[in-house]
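Text of final.cif, listed as mmCIF, C-alpha atoms:
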data_work
#
loop_
_atom_site.label_atom_id
_atom_site.label_comp_id
_atom_site.auth_asym_id
_atom_site.auth_seq_id
_atom_site.Cartn_x
_atom_site.Cartn_y
_atom_site.Cartn_z
CA MET A 1176 32.97 11.09 217.60
CA GLY A 1177 31.89 9.90 221.06
CA THR A 1178 34.23 7.12 222.19
CA LEU A 1179 36.10 6.89 218.89
CA ARG A 1180 39.80 6.90 219.66
CA THR A 1181 41.98 8.61 217.07
CA GLY A 1182 45.30 8.32 218.90
CA PRO A 1183 47.19 5.68 220.90
CA ASP A 1184 46.46 4.94 224.55
CA LEU A 1185 49.08 6.87 226.55
CA SER A 1186 47.96 5.76 230.01
CA ASN A 1187 51.03 3.53 230.42
CA ILE A 1188 53.45 5.28 228.09
CA GLY A 1189 55.90 5.79 230.95
CA TYR A 1190 56.50 2.05 231.02
CA LYS A 1191 57.34 1.85 227.34
CA ARG A 1192 59.35 4.86 226.26
CA GLY A 1193 62.41 6.71 227.48
CA GLU A 1194 62.60 10.48 227.91
CA ALA A 1195 65.07 10.85 225.04
CA TRP A 1196 62.78 8.91 222.72
CA GLU A 1197 59.73 10.95 223.73
CA ARG A 1198 61.58 14.24 223.20
CA GLU A 1199 62.59 13.33 219.66
CA HIS A 1200 59.20 11.79 218.88
CA LEU A 1201 57.36 14.94 219.96
CA LYS A 1202 59.55 17.07 217.72
CA PHE A 1203 59.79 14.76 214.72
CA PRO A 1204 56.99 12.14 214.88
CA ARG A 1205 57.30 11.06 211.25
CA ARG A 1206 60.91 10.03 211.73
CA PHE A 1207 59.52 7.22 213.87
CA THR A 1208 56.19 6.56 212.12
CA PRO A 1209 56.25 7.88 208.54
CA ASN A 1210 52.45 7.86 208.14
CA SER A 1211 51.71 9.41 211.53
CA ILE A 1212 49.13 12.21 211.64
CA MET A 1213 50.57 13.49 214.92
CA PRO A 1214 51.64 17.15 214.65
CA SER A 1215 55.20 18.20 215.35
CA PHE A 1216 55.77 20.02 218.64
CA VAL A 1217 59.13 21.39 217.57
CA TYR A 1218 57.77 24.90 218.19
CA LEU A 1219 57.61 24.32 221.96
CA SER A 1220 60.22 26.00 224.11
CA ASP A 1221 62.83 23.76 225.74
CA ASP A 1222 61.13 24.23 229.12
CA ASP A 1223 57.67 23.37 227.79
CA LEU A 1224 59.00 20.36 225.92
CA ALA A 1225 60.81 19.14 229.05
CA ALA A 1226 57.64 19.56 231.10
CA LEU A 1227 55.58 17.61 228.57
CA VAL A 1228 58.16 14.81 228.43
CA ALA A 1229 58.26 14.66 232.24
CA TYR A 1230 54.48 14.34 232.36
CA LEU A 1231 54.42 11.54 229.77
CA ASP A 1232 57.20 9.74 231.61
CA ARG A 1233 55.03 9.58 234.73
CA LEU A 1234 52.04 8.00 233.02
CA GLY A 1235 52.08 4.48 234.40
CA ASN A 1236 55.78 4.66 235.16
CA LYS A 1237 57.01 2.93 238.31
CA GLU A 1238 60.40 1.87 239.51
CA ASN A 1239 61.30 -1.44 237.89
CA ALA A 1240 62.88 -2.81 241.01
CA SER A 1241 63.96 -1.50 244.38
CA THR A 1242 67.64 -0.98 245.00
CA ASP A 1243 67.01 -1.24 248.74
CA LEU A 1244 66.56 -5.02 248.68
CA MET A 1245 68.70 -7.27 250.84
CA ILE A 1246 71.41 -8.99 248.86
CA PRO A 1247 71.22 -12.79 249.21
CA VAL A 1248 73.86 -14.27 251.50
CA GLU A 1249 75.65 -16.06 248.67
CA TYR A 1250 76.39 -12.71 247.00
CA GLU A 1251 77.42 -10.69 250.06
CA ASN A 1252 81.18 -11.25 249.81
CA LYS A 1253 81.58 -11.17 246.05
CA THR A 1254 83.86 -8.44 244.72
CA GLN A 1255 84.87 -7.19 241.28
CA PRO A 1256 87.99 -9.15 240.26
CA PHE A 1257 88.88 -7.02 237.21
CA SER A 1258 90.54 -3.63 236.95
CA VAL A 1259 89.84 -1.38 233.97
CA THR A 1260 92.20 -1.94 231.06
CA LYS A 1261 91.69 -1.62 227.33
CA GLU A 1262 91.32 -5.40 227.10
CA THR A 1263 88.70 -5.72 229.86
CA TRP A 1264 86.89 -2.63 228.54
CA ASP A 1265 86.69 -4.03 225.01
CA GLU A 1266 85.48 -7.42 226.18
CA GLY A 1267 82.89 -5.93 228.52
CA ARG A 1268 81.71 -3.56 225.80
CA ARG A 1269 81.32 -6.46 223.37
CA ILE A 1270 79.19 -8.39 225.87
CA TYR A 1271 77.10 -5.29 226.58
CA ALA A 1272 76.51 -4.71 222.86
CA GLU A 1273 75.47 -8.32 222.31
CA LYS A 1274 73.37 -8.88 225.43
CA CYS A 1275 72.29 -5.57 226.97
CA LEU A 1276 72.26 -2.78 224.41
CA SER A 1277 69.00 -3.82 222.75
CA CYS A 1278 67.10 -2.93 225.94
CA HIS A 1279 69.36 -0.59 227.92
CA GLY A 1280 70.51 1.42 224.90
CA CYS A 1281 73.82 2.61 223.54
CA ALA A 1282 74.27 5.15 226.35
CA GLY A 1283 72.77 2.98 229.12
CA LYS A 1284 69.59 5.07 229.36
CA GLY A 1285 67.09 2.22 229.04
CA ASP A 1286 66.02 3.35 225.57
CA GLY A 1287 67.23 0.53 223.34
CA PRO A 1288 65.14 -0.60 220.35
CA TYR A 1289 63.43 -3.39 222.31
CA ALA A 1290 62.87 -1.27 225.42
CA TYR A 1291 59.65 0.12 224.01
CA THR A 1292 58.02 -3.31 223.82
CA ASN A 1293 58.51 -4.10 227.51
CA ASN A 1294 55.83 -3.63 230.15
CA ALA A 1295 58.47 -2.46 232.63
CA ARG A 1296 60.97 -0.08 231.09
CA PRO A 1297 64.64 -1.12 231.34
CA ALA A 1298 66.65 0.76 233.92
CA ASP A 1299 68.46 3.98 233.09
CA LEU A 1300 71.90 2.94 234.31
CA ARG A 1301 73.06 6.55 234.59
CA GLN A 1302 70.58 7.43 237.34
CA PRO A 1303 72.19 8.37 240.68
CA ARG A 1304 70.50 5.45 242.45
CA PHE A 1305 72.66 3.04 240.45
CA GLN A 1306 75.92 4.88 240.95
CA ASN A 1307 76.27 4.06 244.63
CA LEU A 1308 75.55 0.36 244.38
CA ASP A 1309 78.23 -2.16 245.27
CA SER A 1310 79.42 -4.53 242.58
CA ASN A 1311 77.94 -7.51 244.40
CA PHE A 1312 74.45 -6.01 244.00
CA ASP A 1313 75.01 -5.66 240.25
CA PHE A 1314 76.38 -9.20 240.08
CA TRP A 1315 73.28 -10.52 241.86
CA ARG A 1316 70.86 -8.70 239.58
CA ILE A 1317 72.68 -9.61 236.38
CA SER A 1318 72.98 -13.21 237.51
CA GLU A 1319 69.39 -13.74 238.64
CA GLY A 1320 67.46 -11.09 236.72
CA VAL A 1321 64.94 -8.59 238.07
CA PRO A 1322 61.47 -9.83 239.08
CA GLY A 1323 58.63 -8.18 237.20
CA THR A 1324 60.82 -7.35 234.19
CA VAL A 1325 61.99 -9.21 231.09
CA MET A 1326 65.63 -9.04 232.16
CA PRO A 1327 66.99 -12.60 231.89
CA GLN A 1328 68.92 -14.58 234.46
CA TRP A 1329 72.27 -14.13 232.78
CA GLU A 1330 73.88 -16.82 234.92
CA GLN A 1331 72.28 -19.26 232.50
CA SER A 1332 74.15 -17.95 229.46
CA LEU A 1333 77.08 -15.82 230.66
CA SER A 1334 80.06 -17.14 232.58
CA VAL A 1335 81.12 -15.62 235.89
CA ARG A 1336 83.97 -13.88 234.05
CA GLU A 1337 81.63 -12.43 231.43
CA ARG A 1338 79.21 -11.12 234.05
CA TRP A 1339 81.98 -9.34 235.95
CA LEU A 1340 83.40 -7.87 232.74
CA VAL A 1341 80.08 -6.42 231.60
CA ILE A 1342 79.54 -5.00 235.11
CA SER A 1343 82.94 -3.33 234.92
CA PHE A 1344 82.07 -1.80 231.56
CA ILE A 1345 78.64 -0.57 232.73
CA GLN A 1346 80.06 0.96 235.90
CA HIS A 1347 82.84 2.83 234.15
CA ALA A 1348 81.11 3.72 230.88
CA PHE A 1349 77.87 5.03 232.36
CA MET A 1350 78.59 5.76 236.02
CA ASP A 1351 82.20 6.66 236.79
CA MET A 1352 82.99 7.94 233.28
CA VAL A 1353 86.65 6.93 233.18
CA PRO A 1354 88.94 9.10 231.03
CA HIS A 1355 89.45 7.77 227.53
CA LEU A 1356 92.86 6.88 226.16
CA THR A 1357 94.61 9.78 224.47
CA SER A 1358 95.99 7.66 221.63
CA GLU A 1359 93.47 6.32 219.15
CA GLY A 1360 96.06 4.14 217.46
CA ASP A 1361 97.02 3.68 213.83
CA LEU A 1362 94.84 2.34 211.04
CA PRO A 1363 95.26 -1.47 211.03
CA ALA A 1364 96.38 -3.09 207.79
CA GLU A 1365 93.12 -5.03 207.42
CA TYR A 1366 91.18 -1.76 207.28
CA ALA A 1367 93.74 0.15 205.24
CA LYS A 1368 93.04 -2.27 202.38
CA ALA A 1369 89.26 -2.04 202.67
CA LYS A 1370 87.34 -0.58 199.73
CA ASN A 1371 83.86 0.90 199.64
CA THR A 1372 82.00 -1.06 196.96
CA PHE A 1373 78.85 1.07 197.14
CA ALA A 1374 78.34 3.80 194.58
CA ARG A 1375 77.75 7.33 195.89
CA ASN A 1376 74.22 7.76 194.59
CA ASP A 1377 70.93 8.98 196.07
CA GLU A 1378 69.66 5.46 196.79
CA ASN A 1379 72.72 4.43 198.79
CA ILE A 1380 72.96 7.79 200.55
CA ASP A 1381 69.31 7.51 201.63
CA ALA A 1382 69.91 3.95 202.84
CA GLY A 1383 72.96 5.07 204.82
CA LYS A 1384 71.03 7.98 206.29
CA ALA A 1385 68.30 5.62 207.47
CA ILE A 1386 70.89 3.41 209.19
CA PHE A 1387 72.49 6.46 210.80
CA ASN A 1388 69.16 7.78 212.07
CA MET A 1389 68.22 4.38 213.50
CA ASN A 1390 71.54 3.53 215.14
CA CYS A 1391 73.72 6.62 215.55
CA ALA A 1392 71.58 9.74 215.83
CA PHE A 1393 70.60 9.25 219.47
CA CYS A 1394 74.21 10.02 220.41
CA HIS A 1395 75.60 11.81 217.37
CA GLY A 1396 72.47 13.82 216.54
CA TYR A 1397 70.54 13.85 213.27
CA GLY A 1398 72.91 16.47 211.89
CA GLY A 1399 76.05 14.66 213.07
CA ARG A 1400 76.96 17.42 215.52
CA GLY A 1401 77.36 15.14 218.55
CA ASP A 1402 74.25 16.63 220.14
CA GLY A 1403 71.83 13.69 220.15
CA PRO A 1404 69.45 13.21 223.09
CA ASP A 1405 71.69 10.52 224.63
CA ALA A 1406 74.88 12.56 224.26
CA ARG A 1407 74.42 14.52 227.47
CA GLY A 1408 76.46 12.93 230.21
CA LEU A 1409 78.66 10.85 227.94
CA LEU A 1410 82.35 11.50 228.51
CA PRO A 1411 84.01 12.10 226.19
CA ALA A 1412 81.13 13.61 224.24
CA PRO A 1413 80.31 12.17 220.81
CA PRO A 1414 82.28 13.97 218.08
CA ASP A 1415 80.97 16.71 215.83
CA PHE A 1416 81.30 15.28 212.32
CA GLN A 1417 80.89 18.76 210.87
CA ASP A 1418 84.18 19.78 212.45
CA GLY A 1419 86.09 20.15 209.21
CA GLN A 1420 89.50 20.55 210.84
CA THR A 1421 89.30 17.03 212.26
CA TYR A 1422 87.08 14.94 210.05
CA ASN A 1423 87.85 16.29 206.58
CA ALA A 1424 91.13 14.41 206.88
CA TRP A 1425 89.44 11.09 207.60
CA THR A 1426 89.34 8.57 204.78
CA PRO A 1427 86.53 6.07 204.18
CA GLN A 1428 88.88 3.47 205.65
CA ASP A 1429 89.20 5.53 208.85
CA TYR A 1430 85.43 5.66 209.24
CA PHE A 1431 84.99 1.97 208.45
CA TRP A 1432 87.63 1.08 211.04
CA ARG A 1433 86.08 3.20 213.79
CA VAL A 1434 82.49 2.20 213.05
CA SER A 1435 83.61 -1.44 213.13
CA GLU A 1436 85.94 -1.32 216.14
CA SER A 1437 84.81 1.82 218.02
CA LEU A 1438 87.39 3.96 219.83
CA PRO A 1439 89.40 3.20 222.97
CA MET A 1440 87.51 3.52 226.25
CA ARG A 1441 84.30 4.84 224.70
CA ALA A 1442 80.72 3.68 225.19
CA MET A 1443 80.26 3.48 221.42
CA PRO A 1444 79.58 -0.13 220.38
CA GLN A 1445 81.79 -2.09 218.04
CA TRP A 1446 79.29 -2.19 215.21
CA LYS A 1447 80.96 -5.17 213.58
CA HIS A 1448 79.29 -7.33 216.23
CA PRO A 1449 75.86 -8.58 215.15
CA GLY A 1450 74.33 -7.87 218.56
CA SER A 1451 74.77 -4.12 218.19
CA TYR A 1452 71.37 -2.51 217.56
CA THR A 1453 70.21 -4.73 214.73
#

Go ahead and express the file in the form of structure tokens.
Amino acid sequence: MGTLRTGPDLSNIGYKRGEAWEREHLKFPRRFTPNSIMPSFVYLSDDDLAALVAYLDRLGNKENASTDLMIPVEYENKTQPFSVTKETWDEGRRIYAEKCLSCHGCAGKGDGPYAYTNNARPADLRQPRFQNLDSNFDFWRISEGVPGTVMPQWEQSLSVRERWLVISFIQHAFMDMVPHLTSEGDLPAEYAKAKNTFARNDENIDAGKAIFNMNCAFCHGYGGRGDGPDARGLLPAPPDFQDGQTYNAWTPQDYFWRVSESLPMRAMPQWKHPGSYT
């Protein structure tokens, strides 16, 4: 026994994992590491689980960057040139999915798939400290990156237009929570003709379940009830796929369309884009 270590070093776990990830990992460790010998803590009460997650989040966790810094002079008078429309939303969402989602996560909580490999955890964009920032501060940080983190200087690869569009999406998807459009539109012809070429067998169902658990469950929940750990605070809330009155009428083409294109004014990525959580 002595100094033999049988578990991972948690002294800096707060840098590497988000609260939502920790909560699910504590309850279902083998969903994340199939051969893990870690016991499940699903028996803990909600309060005890929240307290344990809060403790783990503070191990080595520090603010990634201060929001009290002085904005450089060249950014002081910059203002957001775009209003929120379906077109600007869709373009900003596409940029976010391709460039930001892998670290900041589908719901902007800093829990994307690559977030856990960073020494400094990506920012949770839904925290109150980000909601009162002016657009010029966001434009500065996105343009020049954040010292001490792996966030790139996006001015090197994104145009001025693209930076403003992704800022508009982030501000309204994760901060202001703009109302979504009431009309979801009609099934486009290109999707109406689509056919599912995969047989409905155990192998394909298991493969689809693995993709769902990896990419969708954090918002939609492992049971598809719209109660995933990232669902809280998203407006509108992710749908409950077990709602038979609504989703029994959906065809495979309907699902393929929405998974590919998302829905109007939602934070859900357009999964047809290769940058979305792959």

- Query: Using all atoms listed in the file, which of A:Ser1318, A:Thr1292, A:Thr1208, A:Gln1420 sits nearest Ser1334 in chain A?
  - Reply: A:Ser1318

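Between CA of Asn1311 in chain A and CA of Trp1339 in chain A the interatomic distance comes to 9.5 Å.
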
- Item | Nearby residues, (95.6, 1.5, 207.3) file frame, 12 Å, only C-alpha atoms, as a ChimeraX atom specification | /A:1360-1370,1425-1433

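Here, the PyMOL selection byres ((chain A and resi 1441-1446) around 7) matches Arg1268, Arg1269, Ala1272, Cys1281, Ala1282, Ala1348, His1355, Val1434, Ser1435, Glu1436, Ser1437, Leu1438, Pro1439, Met1440, Lys1447, His1448 and Ser1451 of chain A.
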
Applied to the shown file, which residues does the PyMOL selection byres ((chain A and resi 1247) around 12) return, written as a PDB file with C-alpha atoms, keeping the file's coordinate frame?
ATOM      1  CA  LEU A1244      66.560  -5.020 248.680  1.00  0.00           C
ATOM      2  CA  MET A1245      68.700  -7.270 250.840  1.00  0.00           C
ATOM      3  CA  ILE A1246      71.410  -8.990 248.860  1.00  0.00           C
ATOM      4  CA  VAL A1248      73.860 -14.270 251.500  1.00  0.00           C
ATOM      5  CA  GLU A1249      75.650 -16.060 248.670  1.00  0.00           C
ATOM      6  CA  TYR A1250      76.390 -12.710 247.000  1.00  0.00           C
ATOM      7  CA  GLU A1251      77.420 -10.690 250.060  1.00  0.00           C
ATOM      8  CA  ASN A1252      81.180 -11.250 249.810  1.00  0.00           C
ATOM      9  CA  LYS A1253      81.580 -11.170 246.050  1.00  0.00           C
ATOM     10  CA  ASN A1311      77.940  -7.510 244.400  1.00  0.00           C
ATOM     11  CA  PHE A1312      74.450  -6.010 244.000  1.00  0.00           C
ATOM     12  CA  PHE A1314      76.380  -9.200 240.080  1.00  0.00           C
ATOM     13  CA  TRP A1315      73.280 -10.520 241.860  1.00  0.00           C
ATOM     14  CA  ARG A1316      70.860  -8.700 239.580  1.00  0.00           C
ATOM     15  CA  SER A1318      72.980 -13.210 237.510  1.00  0.00           C
ATOM     16  CA  GLU A1319      69.390 -13.740 238.640  1.00  0.00           C
TER      17      GLU A1319
END

From (82.1, -6.2, 231.8), in the file's coordinates, out to 8 Å: which residues are reached, counting only C-alpha atoms? Answer as a PDB file with C-alpha atoms, in the coordinates of the input.
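Everything below was put into result26.pdb:
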ATOM      1  CA  THR A1263      88.700  -5.720 229.860  1.00  0.00           C
ATOM      2  CA  TRP A1264      86.890  -2.630 228.540  1.00  0.00           C
ATOM      3  CA  GLU A1266      85.480  -7.420 226.180  1.00  0.00           C
ATOM      4  CA  GLY A1267      82.890  -5.930 228.520  1.00  0.00           C
ATOM      5  CA  ARG A1268      81.710  -3.560 225.800  1.00  0.00           C
ATOM      6  CA  ILE A1270      79.190  -8.390 225.870  1.00  0.00           C
ATOM      7  CA  TYR A1271      77.100  -5.290 226.580  1.00  0.00           C
ATOM      8  CA  GLU A1337      81.630 -12.430 231.430  1.00  0.00           C
ATOM      9  CA  ARG A1338      79.210 -11.120 234.050  1.00  0.00           C
ATOM     10  CA  TRP A1339      81.980  -9.340 235.950  1.00  0.00           C
ATOM     11  CA  LEU A1340      83.400  -7.870 232.740  1.00  0.00           C
ATOM     12  CA  VAL A1341      80.080  -6.420 231.600  1.00  0.00           C
ATOM     13  CA  ILE A1342      79.540  -5.000 235.110  1.00  0.00           C
ATOM     14  CA  SER A1343      82.940  -3.330 234.920  1.00  0.00           C
ATOM     15  CA  PHE A1344      82.070  -1.800 231.560  1.00  0.00           C
ATOM     16  CA  ILE A1345      78.640  -0.570 232.730  1.00  0.00           C
TER      17      ILE A1345
END

- Item | Close residues, Arg1400 in chain A itself excluded, 7 Å, all atoms listed in the file, min 2 positions apart in chain, as a list in words | His1395, Gly1396, Gly1398, Asp1402, Pro1414, Asp1415, Phe1416 and Gln1417 of chain A

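Picture a line from CA of Gln1346 in chain A to CA of Gln1255 in chain A; it runs 10.9 Å.
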
- Message: I'd like the interatomic distance between CA of Ala1225 in chain A and CA of Gly1323 in chain A, to a tenth of an Å.
- Response: 28.6 Å

- Close residues, Phe1373 in chain A itself excluded, 12 Å, all atoms listed in the file, min 6 positions apart in chain, as number ranges by chain: A: 1379-1380, 1382-1383, 1427

With C-alpha atoms retained, write the just-selected residues as a compact mmCIF listing (two decimals), keeping the file's coordinate frame.
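Result written to out-v1.txt:
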# COMPACT_ATOMS: atom_id res chain seq x y z
CA ASN A 1379 72.72 4.43 198.79
CA ILE A 1380 72.96 7.79 200.55
CA ALA A 1382 69.91 3.95 202.84
CA GLY A 1383 72.96 5.07 204.82
CA PRO A 1427 86.53 6.07 204.18

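Each of A:Asp1222, A:Cys1275, A:Pro1209, A:Arg1233 was compared to Leu1185 in chain A using only C-alpha atoms, and A:Arg1233 turns out to be the nearest.
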
- Please evaluate the PyMOL selection byres ((chain A and resi 1397) around 12) against the displayed coordinates and give the resulting residues as a VMD selection string. chain A and resid 1199 1203 1206 1384 to 1396 1398 to 1406 1415 to 1417

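Each of A:Glu1330, A:Asp1223, A:Asp1286, A:Glu1194 was compared to Ile1317 in chain A using only C-alpha atoms, and A:Glu1330 turns out to be the nearest.
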
- Query: Quick one: of A:Ser1258, A:Glu1197, A:Gly1320, A:Leu1409, who's nearest to Ala1229 in chain A, counting only C-alpha atoms?
  - Reply: A:Glu1197
